[in-house]
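Text of the file start17.txt, holding compact mmCIF, C-alpha atoms:
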# COMPACT_ATOMS: atom_id res chain seq x y z
CA MET A 91 0.00 0.00 0.00
CA LYS A 92 1.54 3.27 -1.14
CA PHE A 93 1.66 6.54 0.77
CA GLU A 94 3.41 9.90 0.69
CA LYS A 95 4.86 11.97 3.49
CA TRP A 96 4.62 15.76 3.25
CA GLN A 97 5.70 18.60 5.49
CA ALA A 98 4.85 22.27 5.89
CA LEU A 99 6.95 24.38 8.24
CA GLY A 100 8.11 21.20 9.96
CA ASN A 101 4.54 19.92 10.47
CA ASP A 102 4.60 16.49 8.78
CA TYR A 103 1.71 14.26 7.72
CA LEU A 104 1.33 10.86 6.10
CA ILE A 105 -1.09 10.96 3.17
CA PHE A 106 -3.19 7.90 2.31
CA GLU A 107 -5.94 7.43 -0.26
CA ARG A 108 -8.96 5.70 1.24
CA ALA A 109 -9.54 3.50 -1.82
CA ARG A 110 -6.15 1.88 -1.33
CA LEU A 111 -6.58 0.98 2.35
CA PRO A 112 -7.20 -2.73 3.07
CA TRP A 113 -8.78 -1.87 6.45
CA GLU A 114 -10.48 0.99 8.27
CA LEU A 115 -8.15 3.68 9.57
CA THR A 116 -8.91 3.35 13.29
CA GLY A 117 -7.40 5.45 16.06
CA THR A 118 -5.14 2.56 17.12
CA ARG A 119 -3.81 2.19 13.58
CA VAL A 120 -3.20 5.93 13.37
CA GLU A 121 -1.14 5.80 16.57
CA TRP A 122 0.93 2.90 15.25
CA LEU A 123 1.59 4.51 11.87
CA CYS A 124 2.59 7.84 13.45
CA ASP A 125 4.99 6.20 15.92
CA GLN A 126 8.54 6.77 14.72
CA HIS A 127 9.80 3.51 16.25
CA PHE A 128 7.10 1.01 15.24
CA GLY A 129 5.53 2.81 12.27
CA ILE A 130 6.59 5.56 9.88
CA GLY A 131 6.53 8.56 12.19
CA ALA A 132 4.53 11.75 11.66
CA ASP A 133 2.52 14.52 13.30
CA GLY A 134 -0.66 13.01 11.87
CA ILE A 135 -2.41 11.36 8.94
CA LEU A 136 -4.37 12.87 6.04
CA LEU A 137 -6.94 10.51 4.55
CA LEU A 138 -8.31 11.41 1.12
CA SER A 139 -11.38 9.91 -0.50
CA GLU A 140 -13.65 10.66 -3.42
CA SER A 141 -16.64 12.87 -2.62
CA GLU A 142 -20.26 12.25 -3.50
CA ASP A 143 -20.60 16.01 -3.89
CA PRO A 144 -19.69 16.95 -7.48
CA GLU A 145 -18.60 20.38 -6.26
CA LEU A 146 -15.80 18.84 -4.18
CA VAL A 147 -12.59 17.36 -5.56
CA ALA A 148 -12.16 15.15 -2.48
CA GLU A 149 -13.07 14.60 1.16
CA LEU A 150 -10.27 15.12 3.69
CA ARG A 151 -10.11 13.56 7.15
CA ILE A 152 -7.33 14.65 9.51
CA PHE A 153 -6.00 12.50 12.35
CA ASN A 154 -3.75 13.51 15.24
CA PRO A 155 -0.95 11.13 16.30
CA ASP A 156 -2.91 10.10 19.41
CA GLY A 157 -5.63 8.68 17.16
CA SER A 158 -8.13 11.51 17.64
CA GLU A 159 -9.64 13.27 14.65
CA ALA A 160 -9.15 16.98 14.00
CA GLU A 161 -11.73 19.14 12.28
CA LEU A 162 -9.14 21.12 10.30
CA SER A 163 -5.42 21.75 9.95
CA GLY A 164 -4.02 24.64 7.95
CA ASN A 165 -0.68 22.95 7.27
CA GLY A 166 -2.30 19.57 6.65
CA ALA A 167 -4.85 21.11 4.30
CA ARG A 168 -2.11 22.69 2.17
CA GLU A 169 -0.27 19.36 2.00
CA ALA A 170 -3.46 17.56 0.93
CA ILE A 171 -4.34 20.29 -1.59
CA LEU A 172 -0.95 20.17 -3.30
CA TYR A 173 -0.92 16.35 -3.18
CA LEU A 174 -4.29 16.27 -4.97
CA ARG A 175 -3.02 18.55 -7.70
CA ARG A 176 0.28 16.69 -8.18
CA ASN A 177 -1.43 13.30 -8.23
CA GLY A 178 -4.01 14.13 -10.87
CA TRP A 179 -7.19 14.51 -8.81
CA THR A 180 -7.74 17.89 -10.48
CA GLU A 181 -6.15 20.14 -13.08
CA GLU A 182 -7.86 23.29 -11.80
CA ASP A 183 -6.10 26.12 -9.96
CA GLU A 184 -9.20 26.81 -7.89
CA PHE A 185 -11.36 24.08 -6.37
CA ALA A 186 -12.94 22.91 -3.10
CA ILE A 187 -12.42 19.98 -0.76
CA GLY A 188 -14.60 18.80 2.10
CA THR A 189 -13.45 18.64 5.72
CA ALA A 190 -15.12 17.97 9.06
CA ALA A 191 -15.20 21.77 9.48
CA GLY A 192 -16.92 22.26 6.13
CA PRO A 193 -15.62 22.96 2.61
CA ILE A 194 -12.38 24.88 2.16
CA ARG A 195 -11.44 26.58 -1.10
CA PRO A 196 -7.80 26.72 -2.17
CA THR A 197 -6.13 28.56 -5.00
CA ILE A 198 -2.92 27.04 -6.35
CA THR A 199 -0.33 29.84 -6.59
CA GLY A 200 2.80 27.85 -7.44
CA GLU A 201 4.26 24.36 -7.64
CA LEU A 202 4.53 24.17 -3.85
CA THR A 203 2.34 27.06 -2.70
CA CYS A 204 -1.34 27.76 -2.32
CA SER A 205 -3.76 30.20 -0.75
CA VAL A 206 -6.64 28.75 1.24
CA ALA A 207 -9.93 30.37 2.18
CA MET A 208 -10.27 28.83 5.64
CA GLY A 209 -13.78 30.05 6.33
CA ARG A 210 -15.13 32.56 8.83
CA ALA A 211 -13.64 32.63 12.32
CA SER A 212 -15.91 33.08 15.31
CA THR A 213 -15.42 34.00 18.95
CA THR A 214 -18.34 31.79 19.98
CA SER A 215 -18.73 28.05 19.46
CA LYS A 216 -19.80 24.77 21.04
CA ASP A 217 -16.14 24.27 21.98
CA TYR A 218 -16.39 27.09 24.56
CA PRO A 219 -20.04 26.78 25.58
CA SER A 220 -19.82 28.99 28.67
CA GLY A 221 -17.97 31.76 26.87
CA PRO A 222 -19.23 35.30 26.28
CA GLU A 223 -19.88 36.74 22.83
CA ASP A 224 -16.39 38.18 22.59
CA GLY A 225 -14.79 34.82 23.45
CA ARG A 226 -12.58 36.24 26.16
CA GLY A 227 -11.88 34.44 29.40
CA THR A 228 -9.36 33.59 32.10
CA LEU A 229 -7.97 30.31 33.37
CA GLU A 230 -5.07 28.94 35.40
CA SER A 231 -2.29 26.63 34.31
CA GLY A 232 1.33 26.13 35.30
CA GLY A 233 0.81 27.99 38.57
CA ARG A 234 -0.40 31.26 37.07
CA GLY A 235 -3.44 32.90 35.54
CA TRP A 236 -3.88 33.56 31.82
CA GLU A 237 -6.21 35.83 29.87
CA PHE A 238 -7.23 34.14 26.63
CA GLN A 239 -9.23 34.61 23.46
CA HIS A 240 -11.31 31.74 22.12
CA VAL A 241 -11.39 31.57 18.33
CA SER A 242 -13.12 28.88 16.31
CA ILE A 243 -11.52 28.50 12.90
CA GLY A 244 -12.77 25.06 11.94
CA ASN A 245 -11.29 23.83 15.21
CA PRO A 246 -11.01 25.40 18.68
CA GLN A 247 -8.18 27.82 19.39
CA CYS A 248 -7.17 29.38 22.70
CA ALA A 249 -4.92 32.35 21.88
CA ILE A 250 -2.93 34.03 24.64
CA LEU A 251 -1.18 37.37 24.11
CA VAL A 252 2.09 37.69 26.05
CA PRO A 253 4.91 40.28 26.14
CA ALA A 254 7.46 39.74 23.36
CA ASP A 255 10.31 39.30 25.84
CA GLU A 256 8.41 36.54 27.66
CA LEU A 257 7.38 34.38 24.71
CA ASP A 258 10.58 32.42 24.15
CA GLY A 259 10.99 31.55 27.81
CA LEU A 260 7.58 29.93 28.30
CA ASP A 261 7.62 26.23 29.20
CA LEU A 262 4.80 24.98 26.97
CA GLY A 263 5.25 21.42 28.18
CA GLU A 264 4.39 22.63 31.68
CA ILE A 265 1.68 25.12 30.78
CA GLY A 266 0.02 23.62 27.70
CA PRO A 267 -1.65 20.45 29.03
CA GLY A 268 -3.61 22.32 31.69
CA ILE A 269 -5.04 24.66 29.05
CA GLU A 270 -5.66 22.02 26.35
CA GLY A 271 -7.67 19.89 28.80
CA ASN A 272 -9.29 22.68 30.81
CA GLY A 273 -12.93 22.05 31.67
CA LEU A 274 -13.95 25.23 29.84
CA PHE A 275 -13.28 23.35 26.59
CA PRO A 276 -15.32 20.11 26.39
CA ASN A 277 -13.54 18.99 23.20
CA ARG A 278 -10.12 20.16 24.41
CA THR A 279 -8.45 23.05 22.61
CA ASN A 280 -5.40 24.06 20.64
CA VAL A 281 -3.30 26.73 22.34
CA SER A 282 -1.18 29.53 20.89
CA PHE A 283 0.99 31.95 22.83
CA PHE A 284 1.85 35.00 20.75
CA ALA A 285 3.33 38.48 20.69
CA VAL A 286 2.57 41.28 18.22
CA GLU A 287 5.18 43.54 16.65
CA GLY A 288 3.55 45.82 14.05
CA ASP A 289 2.30 43.67 11.18
CA ARG A 290 4.13 40.60 12.46
CA VAL A 291 2.97 38.04 14.98
CA ARG A 292 5.36 35.62 16.68
CA ALA A 293 3.63 32.51 17.97
CA ARG A 294 4.37 29.25 19.73
CA ILE A 295 1.88 26.42 19.42
CA PHE A 296 0.68 23.69 21.77
CA GLU A 297 -1.51 21.52 19.57
CA ARG A 298 -4.41 19.41 20.79
CA GLY A 299 -3.45 15.74 20.78
CA VAL A 300 0.13 16.54 19.79
CA GLY A 301 1.88 18.86 22.24
CA GLU A 302 4.27 21.64 21.27
CA THR A 303 4.75 21.75 17.50
CA LEU A 304 6.93 23.67 15.10
CA SER A 305 3.89 25.19 13.43
CA SER A 306 0.13 25.10 12.97
CA GLY A 307 -1.87 26.83 10.26
CA THR A 308 -5.04 27.07 12.30
CA GLY A 309 -3.01 28.07 15.35
CA ALA A 310 -1.42 30.84 13.31
CA SER A 311 -4.89 31.87 12.16
CA GLY A 312 -6.23 31.93 15.72
CA ALA A 313 -3.34 34.09 16.89
CA ALA A 314 -3.72 36.42 13.90
CA VAL A 315 -7.48 36.83 14.42
CA THR A 316 -6.86 37.63 18.09
CA ALA A 317 -4.21 40.18 17.17
CA PHE A 318 -6.59 41.72 14.61
CA LEU A 319 -9.37 41.97 17.21
CA ARG A 320 -6.94 43.93 19.38
CA GLY A 321 -6.03 46.44 16.67
CA ALA A 322 -3.40 44.75 14.50
CA PRO A 323 -3.56 45.11 10.68
CA ASP A 324 -5.74 42.82 8.57
CA ARG A 325 -2.72 41.35 6.80
CA LEU A 326 -0.21 39.73 9.09
CA VAL A 327 2.90 37.62 8.82
CA VAL A 328 2.87 34.93 11.50
CA GLU A 329 6.32 33.72 12.50
CA LEU A 330 6.34 30.18 13.92
CA GLU A 331 9.17 27.93 15.02
CA GLY A 332 9.07 26.19 11.62
CA GLY A 333 8.75 29.26 9.39
CA GLU A 334 6.31 31.96 8.31
CA LEU A 335 2.71 32.06 7.11
CA GLN A 336 0.66 34.95 5.74
CA VAL A 337 -2.82 35.49 7.16
CA GLU A 338 -5.42 37.91 5.78
CA ILE A 339 -8.56 38.70 7.81
CA SER A 340 -11.70 40.46 6.63
CA PRO A 341 -13.84 42.73 8.86
CA GLU A 342 -16.26 39.77 9.14
CA LEU A 343 -13.34 37.53 10.25
CA ASP A 344 -13.08 35.55 7.02
CA VAL A 345 -9.58 34.08 7.05
CA ARG A 346 -7.24 33.41 4.13
CA LEU A 347 -4.02 31.52 4.79
CA ASP A 348 -1.07 31.57 2.37
CA GLY A 349 1.88 29.20 2.61
CA TRP A 350 3.81 26.29 1.18
CA ALA A 351 4.06 22.52 1.55
CA GLU A 352 6.38 19.95 0.03
CA PRO A 353 6.67 16.19 -0.35
CA VAL A 354 9.35 14.51 1.77
CA PHE A 355 9.20 11.00 0.34
CA ALA A 356 6.91 8.34 -1.10
CA GLY A 357 6.87 4.78 0.15
CA GLU A 358 5.02 1.51 0.47
CA LEU A 359 4.02 -0.26 3.66
CA SER A 360 5.73 -3.62 4.11
CA PRO A 361 3.67 -6.84 4.16
CA GLU A 362 4.71 -7.29 7.79
CA LEU A 363 3.40 -3.89 8.86
CA LEU A 364 0.20 -4.35 6.87
CA GLN A 365 -0.40 -7.67 8.63
CA ALA A 366 0.32 -6.21 12.07
CA LEU A 367 -2.13 -3.37 11.40
CA ALA A 368 -4.77 -5.80 10.10
CA GLU A 369 -4.56 -7.73 13.35
CA LEU A 370 -5.63 -4.60 15.23
CA ASP A 371 -9.22 -5.06 13.96
CA GLY A 372 -11.79 -4.29 16.63
CA GLU A 373 -9.43 -2.21 18.79
Target encoding structure tokens, full file:
Amino acid sequence: MKFEKWQALGNDYLIFERARLPWELTGTRVEWLCDQHFGIGADGILLLSESEDPELVAELRIFNPDGSEAELSGNGAREAILYLRRNGWTEEDEFAIGTAAGPIRPTITGELTCSVAMGRASTTSKDYPSGPEDGRGTLESGGRGWEFQHVSIGNPQCAILVPADELDGLDLGEIGPGIEGNGLFPNRTNVSFFAVEGDRVRARIFERGVGETLSSGTGASGAAVTAFLRGAPDRLVVELEGGELQVEISPELDVRLDGWAEPVFAGELSPELLQALAELDGE
């Protein structure tokens, strides 16, 4: 069974086509495949399948390495989008794909670049049911209090503005878990700590089901929307540990994310691994 591995700003995903899988992609199988010692190793899996909707080129499901399913990933979406184009699913520069968060609409801008209309962000959602209209709140983690902004951009984001000279010194491994799993967020949350410097945002990401990561497209979007709500420009460069993304935000909080993705390698699962994964049926 063939697969490809792609990365975007150090955020790497395995890409599988559903029609080629000899079994269902369960959470246990996802964990095994993403494990760098027993499987291939990755930050997650992108599963592509044909759509019954003629308006959609494909359906995209996104899995975290702990086996849970994510509604959306900005980096993963770009990887899937460029994979679809390179592998002949479409010849168009503009098209749509389905996700658990709803359709997203990319525009191919280069061999390894695309611009993605991510949808409209919101400060209210089912992922912060007790939150006020403006999505602001406070919580405690790592022995201190934090003021945060909830942003839903296909998935839940908890964005926390910090002084620029404090950002690099934060221990996300200590602070992040208590925010990700806080009772305010029934479906857990992604977390971004960020600082604003003019039209640039520097952000560090603690991703739901993953931990601290080099980058996150939706995390960058959540931080950018929060910065915009606090007076930053509508076009921002978001600097992450793995590189930079460009985020554009409309007055209605429609978000467009520009960036790149590239293939790392293509491979084929061994008969031994396929058999081991098949034996996980029912788990």
Which residues of stretch 94-161 of chain A have any atom within 12 Å of an atom in stretch 231-245 of chain A when counting all atoms listed in the file, and what is the closest pair of atoms for each, with the distance in Å to one decimal? Order the rows by chain and rising number and write it as JSON lines.
{"residue": "A:Ile152", "atom": "CA", "partner": "A:Asn245", "partner_atom": "CA", "distance": 11.5}
{"residue": "A:Glu159", "atom": "CA", "partner": "A:Asn245", "partner_atom": "CA", "distance": 10.7}
{"residue": "A:Ala160", "atom": "CA", "partner": "A:Asn245", "partner_atom": "CA", "distance": 7.3}
{"residue": "A:Glu161", "atom": "CA", "partner": "A:Asn245", "partner_atom": "CA", "distance": 5.5}
Pick the closest to A:Thr118 from A:Asp156, A:Pro246, A:Glu142, A:Lys95: which is it, counting all atoms listed in the file?
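The answer is A:Asp156, which sits nearest to A:Thr118.
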Looking at all atoms listed in the file, which of A:Leu330, A:Ile198, A:Leu359, A:Ala190 is the one that sits closest to A:Arg176?
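Looking at the shortest contact to A:Arg176, the residue is A:Ile198.
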Go through stretch 271-344 of chain A and flag each residue having an atom no more than 10 Å from stretch 122-139 of chain A; for those, report the closest pair of atoms plus their distance in Å to one decimal, using all atoms listed in the file, ordered by chain and rising number, as JSON lines.
{"residue": "A:Gly299", "atom": "CA", "partner": "A:Asp133", "partner_atom": "CA", "distance": 9.6}
{"residue": "A:Val300", "atom": "CA", "partner": "A:Asp133", "partner_atom": "CA", "distance": 7.2}
{"residue": "A:Gly301", "atom": "CA", "partner": "A:Asp133", "partner_atom": "CA", "distance": 10.0}
{"residue": "A:Thr303", "atom": "CA", "partner": "A:Asp133", "partner_atom": "CA", "distance": 8.7}
Would you give me, as JSON lines, each residue of stretch 254-371 of chain A having an atom within 12 Å of an atom of stretch 102-105 of chain A, along with its shortest atom pair and that distance in Å to one decimal, using all atoms listed in the file and sorting by chain and residue number?
{"residue": "A:Val300", "atom": "CA", "partner": "A:Asp102", "partner_atom": "CA", "distance": 11.9}
{"residue": "A:Thr303", "atom": "CA", "partner": "A:Asp102", "partner_atom": "CA", "distance": 10.2}
{"residue": "A:Leu304", "atom": "CA", "partner": "A:Asp102", "partner_atom": "CA", "distance": 9.8}
{"residue": "A:Ser305", "atom": "CA", "partner": "A:Asp102", "partner_atom": "CA", "distance": 9.9}
{"residue": "A:Ser306", "atom": "CA", "partner": "A:Asp102", "partner_atom": "CA", "distance": 10.6}
{"residue": "A:Gly332", "atom": "CA", "partner": "A:Asp102", "partner_atom": "CA", "distance": 11.1}
{"residue": "A:Ala351", "atom": "CA", "partner": "A:Asp102", "partner_atom": "CA", "distance": 9.4}
{"residue": "A:Glu352", "atom": "CA", "partner": "A:Asp102", "partner_atom": "CA", "distance": 9.6}
{"residue": "A:Pro353", "atom": "CA", "partner": "A:Asp102", "partner_atom": "CA", "distance": 9.4}
{"residue": "A:Val354", "atom": "CA", "partner": "A:Asp102", "partner_atom": "CA", "distance": 8.7}
{"residue": "A:Phe355", "atom": "CA", "partner": "A:Leu104", "partner_atom": "CA", "distance": 9.8}
{"residue": "A:Ala356", "atom": "CA", "partner": "A:Ile105", "partner_atom": "CA", "distance": 9.4}
{"residue": "A:Gly357", "atom": "CA", "partner": "A:Leu104", "partner_atom": "CA", "distance": 10.2}
{"residue": "A:Glu358", "atom": "CA", "partner": "A:Leu104", "partner_atom": "CA", "distance": 11.5}
{"residue": "A:Leu359", "atom": "CA", "partner": "A:Leu104", "partner_atom": "CA", "distance": 11.7}
Interatomic distance between atom CA of A:Gly321 and atom CA of A:Asn277?
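Distance reported for this atom pair: 29.2 Å.
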Which residue is closest to A:Thr116? Choose from A:Glu140, A:Glu94, A:Thr199, A:Pro155 and count all atoms listed in the file.
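Of the candidates, the smallest distance to A:Thr116 is held by A:Pro155.
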Which residue of A:Trp350, A:Phe318, A:Phe275, A:Phe106 approaches A:Phe93 most closely, using only C-alpha atoms
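Distance minimum relative to A:Phe93 lands on A:Phe106.
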Between atom CA of A:Glu270 and atom CA of A:Phe296, what is the distance, to one decimal in Å?
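Distance between the two atoms: 8.0 Å.
With distances restricted to only C-alpha atoms, A:Ser205 is the closest residue to A:Glu338 from A:Ser212, A:Asn272, A:Ser205, A:Gln97.
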Tell me, in Å to one decimal, how far atom CA of A:Phe284 is from atom CA of A:Thr316.
9.5 Å
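Distance annotation: of A:Asp258, A:Glu107, A:Glu182, A:Asp344, the residue with the minimal separation from A:Gly312 is A:Asp344; atom set is all atoms listed in the file.
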